[in-house]
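Here is data.cif, consisting of mmCIF, C-alpha atoms:
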```cif
data_upload
loop_
_atom_site.label_atom_id
_atom_site.label_comp_id
_atom_site.auth_asym_id
_atom_site.auth_seq_id
_atom_site.Cartn_x
_atom_site.Cartn_y
_atom_site.Cartn_z
CA MET A 126 101.79 62.95 160.28
CA LYS A 127 98.75 65.05 159.34
CA LYS A 128 100.86 68.24 159.37
CA ASN A 129 103.32 66.75 156.87
CA LYS A 130 100.52 65.72 154.49
CA LEU A 131 98.91 69.14 154.78
CA ALA A 132 102.22 70.90 154.13
CA LYS A 133 102.84 68.68 151.10
CA ARG A 134 99.37 69.45 149.72
CA VAL A 135 99.92 73.18 150.20
CA ARG A 136 103.27 72.98 148.33
CA GLU A 137 101.74 70.94 145.52
CA SER A 138 98.77 73.29 145.38
CA GLN A 139 101.12 76.29 145.18
CA GLY A 140 103.01 74.70 142.28
CA PHE A 141 99.73 73.94 140.51
CA TYR A 142 98.55 77.49 141.07
CA GLU A 143 101.82 78.96 139.73
CA ARG A 144 101.63 76.82 136.57
CA VAL A 145 98.05 77.91 135.88
CA ARG A 146 98.93 81.53 136.67
CA LYS A 147 101.83 81.38 134.17
CA ILE A 148 99.51 80.03 131.45
CA ILE A 149 97.16 82.99 131.97
CA GLU A 150 99.98 85.54 132.06
CA ASP A 151 101.55 84.09 128.89
CA ALA A 152 98.20 84.12 127.11
CA ARG A 153 97.60 87.75 128.08
CA GLY A 154 101.07 88.69 126.82
CA ASN A 155 100.38 86.91 123.54
CA ILE A 156 97.06 88.74 123.19
CA VAL A 157 98.72 92.11 123.73
CA ARG A 158 101.42 91.29 121.15
CA ALA A 159 98.83 90.06 118.63
CA ILE A 160 96.72 93.21 119.05
CA ASN A 161 99.81 95.40 118.72
CA THR A 162 100.89 93.61 115.54
CA GLU A 163 97.45 94.00 114.01
CA MET A 164 97.35 97.71 114.87
CA VAL A 165 100.78 98.30 113.31
CA ILE A 166 99.60 96.53 110.14
CA ALA A 167 96.36 98.54 110.18
CA TYR A 168 98.29 101.82 110.55
CA TRP A 169 100.52 100.84 107.60
CA GLN A 170 97.42 100.07 105.51
CA ILE A 171 95.81 103.38 106.52
CA GLY A 172 99.02 105.17 105.51
CA LYS A 173 98.93 103.42 102.15
CA GLU A 174 95.30 104.43 101.61
CA ILE A 175 96.11 108.04 102.47
CA VAL A 176 99.04 108.17 100.04
CA GLN A 177 97.00 106.56 97.25
CA GLU A 178 94.12 108.97 97.83
CA GLU A 179 96.47 111.97 97.78
CA GLN A 180 97.98 110.94 94.46
CA LYS A 181 94.60 111.33 92.78
CA GLY A 182 94.66 115.10 93.36
CA LYS A 183 96.48 117.64 91.24
CA VAL A 184 97.33 119.96 94.16
CA ARG A 185 98.71 117.23 96.38
CA ALA A 186 99.79 119.15 99.48
CA GLU A 187 96.56 121.06 100.04
CA TYR A 188 94.37 118.21 98.91
CA GLY A 189 96.27 115.84 101.22
CA LYS A 190 95.84 118.17 104.16
CA GLN A 191 92.09 118.33 103.59
CA ILE A 192 91.89 114.57 103.27
CA LEU A 193 93.61 114.07 106.60
CA GLU A 194 91.63 116.72 108.45
CA ASN A 195 88.32 115.31 107.23
CA LEU A 196 89.38 111.73 107.87
CA ALA A 197 90.60 112.63 111.37
CA VAL A 198 87.26 114.16 112.32
CA ARG A 199 85.26 111.19 111.06
CA LEU A 200 87.54 108.51 112.51
CA SER A 201 87.76 110.29 115.87
CA ASP A 202 83.96 110.43 116.01
CA ASP A 203 83.73 106.71 115.23
CA PHE A 204 86.75 105.34 117.13
CA GLY A 205 87.83 107.98 119.64
CA LYS A 206 91.44 108.84 120.45
CA GLY A 207 94.32 107.83 118.24
CA PHE A 208 93.01 109.12 114.94
CA ASP A 209 93.75 112.82 115.08
CA ASP A 210 95.41 114.41 112.07
CA SER A 211 98.91 114.23 113.62
CA ASN A 212 98.61 110.47 114.06
CA LEU A 213 97.24 110.13 110.53
CA TRP A 214 100.28 112.06 109.26
CA ASN A 215 102.41 109.54 111.19
CA MET A 216 100.58 106.67 109.47
CA ARG A 217 101.19 108.32 106.10
CA LYS A 218 104.87 108.74 106.94
CA PHE A 219 105.01 105.14 108.18
CA TYR A 220 103.88 103.87 104.80
CA LEU A 221 106.29 106.17 102.96
CA THR A 222 109.17 105.11 105.23
CA TYR A 223 108.31 101.40 105.00
CA PRO A 224 106.64 100.99 101.59
CA ILE A 225 106.92 97.18 101.75
CA LEU A 226 104.73 95.67 104.46
CA ASP A 227 106.94 92.59 104.75
CA ALA A 228 109.79 94.88 105.85
CA VAL A 229 107.78 95.91 108.91
CA ARG A 230 108.97 93.94 111.92
CA ARG A 231 106.06 92.42 113.79
CA GLU A 232 107.97 92.51 117.09
CA LEU A 233 107.99 96.30 117.22
CA SER A 234 105.16 98.47 118.47
CA TRP A 235 103.64 101.57 116.95
CA THR A 236 105.57 103.60 119.51
CA HIS A 237 108.81 102.02 118.30
CA TYR A 238 107.96 102.96 114.72
CA ARG A 239 107.07 106.54 115.61
CA ILE A 240 110.54 106.87 117.16
CA LEU A 241 112.28 105.06 114.30
CA MET A 242 110.65 107.28 111.68
CA ARG A 243 112.58 110.22 113.16
CA VAL A 244 115.85 108.54 112.15
CA GLU A 245 116.61 109.97 108.72
CA LYS A 246 119.29 107.56 107.50
CA PRO A 247 117.84 104.18 106.44
CA GLU A 248 121.02 102.36 107.53
CA ALA A 249 120.83 103.82 111.02
CA ARG A 250 117.11 103.11 111.23
CA SER A 251 117.76 99.49 110.21
CA PHE A 252 120.48 99.19 112.86
CA TYR A 253 118.08 100.35 115.59
CA GLU A 254 115.33 98.03 114.35
CA ILE A 255 117.68 95.06 114.60
CA GLU A 256 118.91 96.11 118.04
CA CYS A 257 115.35 96.54 119.31
CA VAL A 258 114.38 93.05 118.24
CA LYS A 259 117.64 91.35 119.25
CA ASN A 260 117.76 92.97 122.69
CA ASN A 261 114.00 93.19 123.25
CA TRP A 262 114.20 96.96 123.76
CA SER A 263 111.13 98.76 124.95
CA ALA A 264 110.22 101.99 123.19
CA ARG A 265 111.63 103.86 126.18
CA GLU A 266 114.97 102.08 125.80
CA LEU A 267 115.01 102.86 122.08
CA GLU A 268 114.32 106.52 122.80
CA ARG A 269 117.42 106.67 125.00
#
```
Give the structure from the file, written as structure tokens.
Amino acid sequence: MKKNKLAKRVRESQGFYERVRKIIEDARGNIVRAINTEMVIAYWQIGKEIVQEEQKGKVRAEYGKQILENLAVRLSDDFGKGFDDSNLWNMRKFYLTYPILDAVRRELSWTHYRILMRVEKPEARSFYEIECVKNNWSARELER
């Protein structure tokens, strides 16, 4: 009799544990998605700022290059990796490729967008965006 009660408690305890574990795992997944979404929005906003700053200059190409090099040094000092001039150029291109923030899909990561920006035709790019969201493609699956 005692063995049956103990076995039942263990089973119930395992179910309880699994439910609590799932809550934690779901919350962590939501946190990662929220952070990713905020970073994509931030990169779009940085791209917009870069483009707007460049348009003030008369010699846009050279002036823009200097802006990005200087900004990369300062941001890298303050925030570390992720803000080198190549990534800032990607942020600039991101804004130019997606000039309307509402057109940016929140489900996609920065890595997705870096891959998508290589697709020249807007129709093809849109197709891949839809497929990524619909099929929950990782960036690695999109790359293939």
**Fill in**
One residue among A:Asp209, A:Glu163, A:Glu254, A:Glu266 is nearest to A:Tyr238 when using all atoms listed in the file, and that residue is A:Glu254
**Asked** Rounded to one decimal in Å, what is the spacing between atom CA of A:Arg230 and atom CA of A:Glu256?
**Response**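 Computing it gives 11.9 Å between the two atoms.
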**Message:** Need to verify the contact set: stretch 190-202 of chain A, 9 Å, only C-alpha atoms, exclusion of same-chain residues closer than 5 positions in sequence. Can you return it as a list in words?
**Reply:** Ile175, Glu178, Glu179, Arg185, Gly207, Phe208, Asp209, Asp210, Ser211, Asn212, Leu213 and Trp214 of chain A
**Proximity to A:Ile160 - best of A:Leu233, A:Val176, A:Ala264, A:Leu226, only C-alpha atoms** = A:Leu233
**Prompt:** Could you work out how far atom CA of A:Glu150 lies from atom CA of A:Ile240, giving the answer in Å with one decimal?
**Reply:**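 One can read the atom CA of A:Ile240 to atom CA of A:Glu150 distance as 28.1 Å.
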**Request:** Measure the distance from atom CA of A:Ser251 to atom CA of A:Gly154 in Å and round it to one decimal.
**Result:**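 One can read the atom CA of A:Ser251 to atom CA of A:Gly154 distance as 25.9 Å.
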With 6 Å on each side, where is the centre of the axis-aligned box around all listed atoms of stretch 191-208 of chain A, and how long are its edges in Å to one decimal, as AutoDock Vina command-line options?
```
--center_x 89.0 --center_y 111.8 --center_z 111.9 --size_x 22.6 --size_y 25.0 --size_z 29.2
```
**Request:** Rank A:Arg250, A:Lys173, A:Arg239, A:Lys181 by their smallest atom-to-atom distance to A:Leu221, using only C-alpha atoms, and report the top residue only.
**Result:**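 Smallest separation from A:Leu221 among the options: A:Lys173.
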**Message:** Neighbouring residues of A:Tyr223 were defined as those with any atom within 12 Å, considering all atoms listed in the file; residues of the same chain fewer than 4 positions away were excluded. Please report them as a ChimeraX atom specification.
**Reply:** /A:165-166,168-170,172-173,215-219,227-230,238-239,241-242,247,250-251
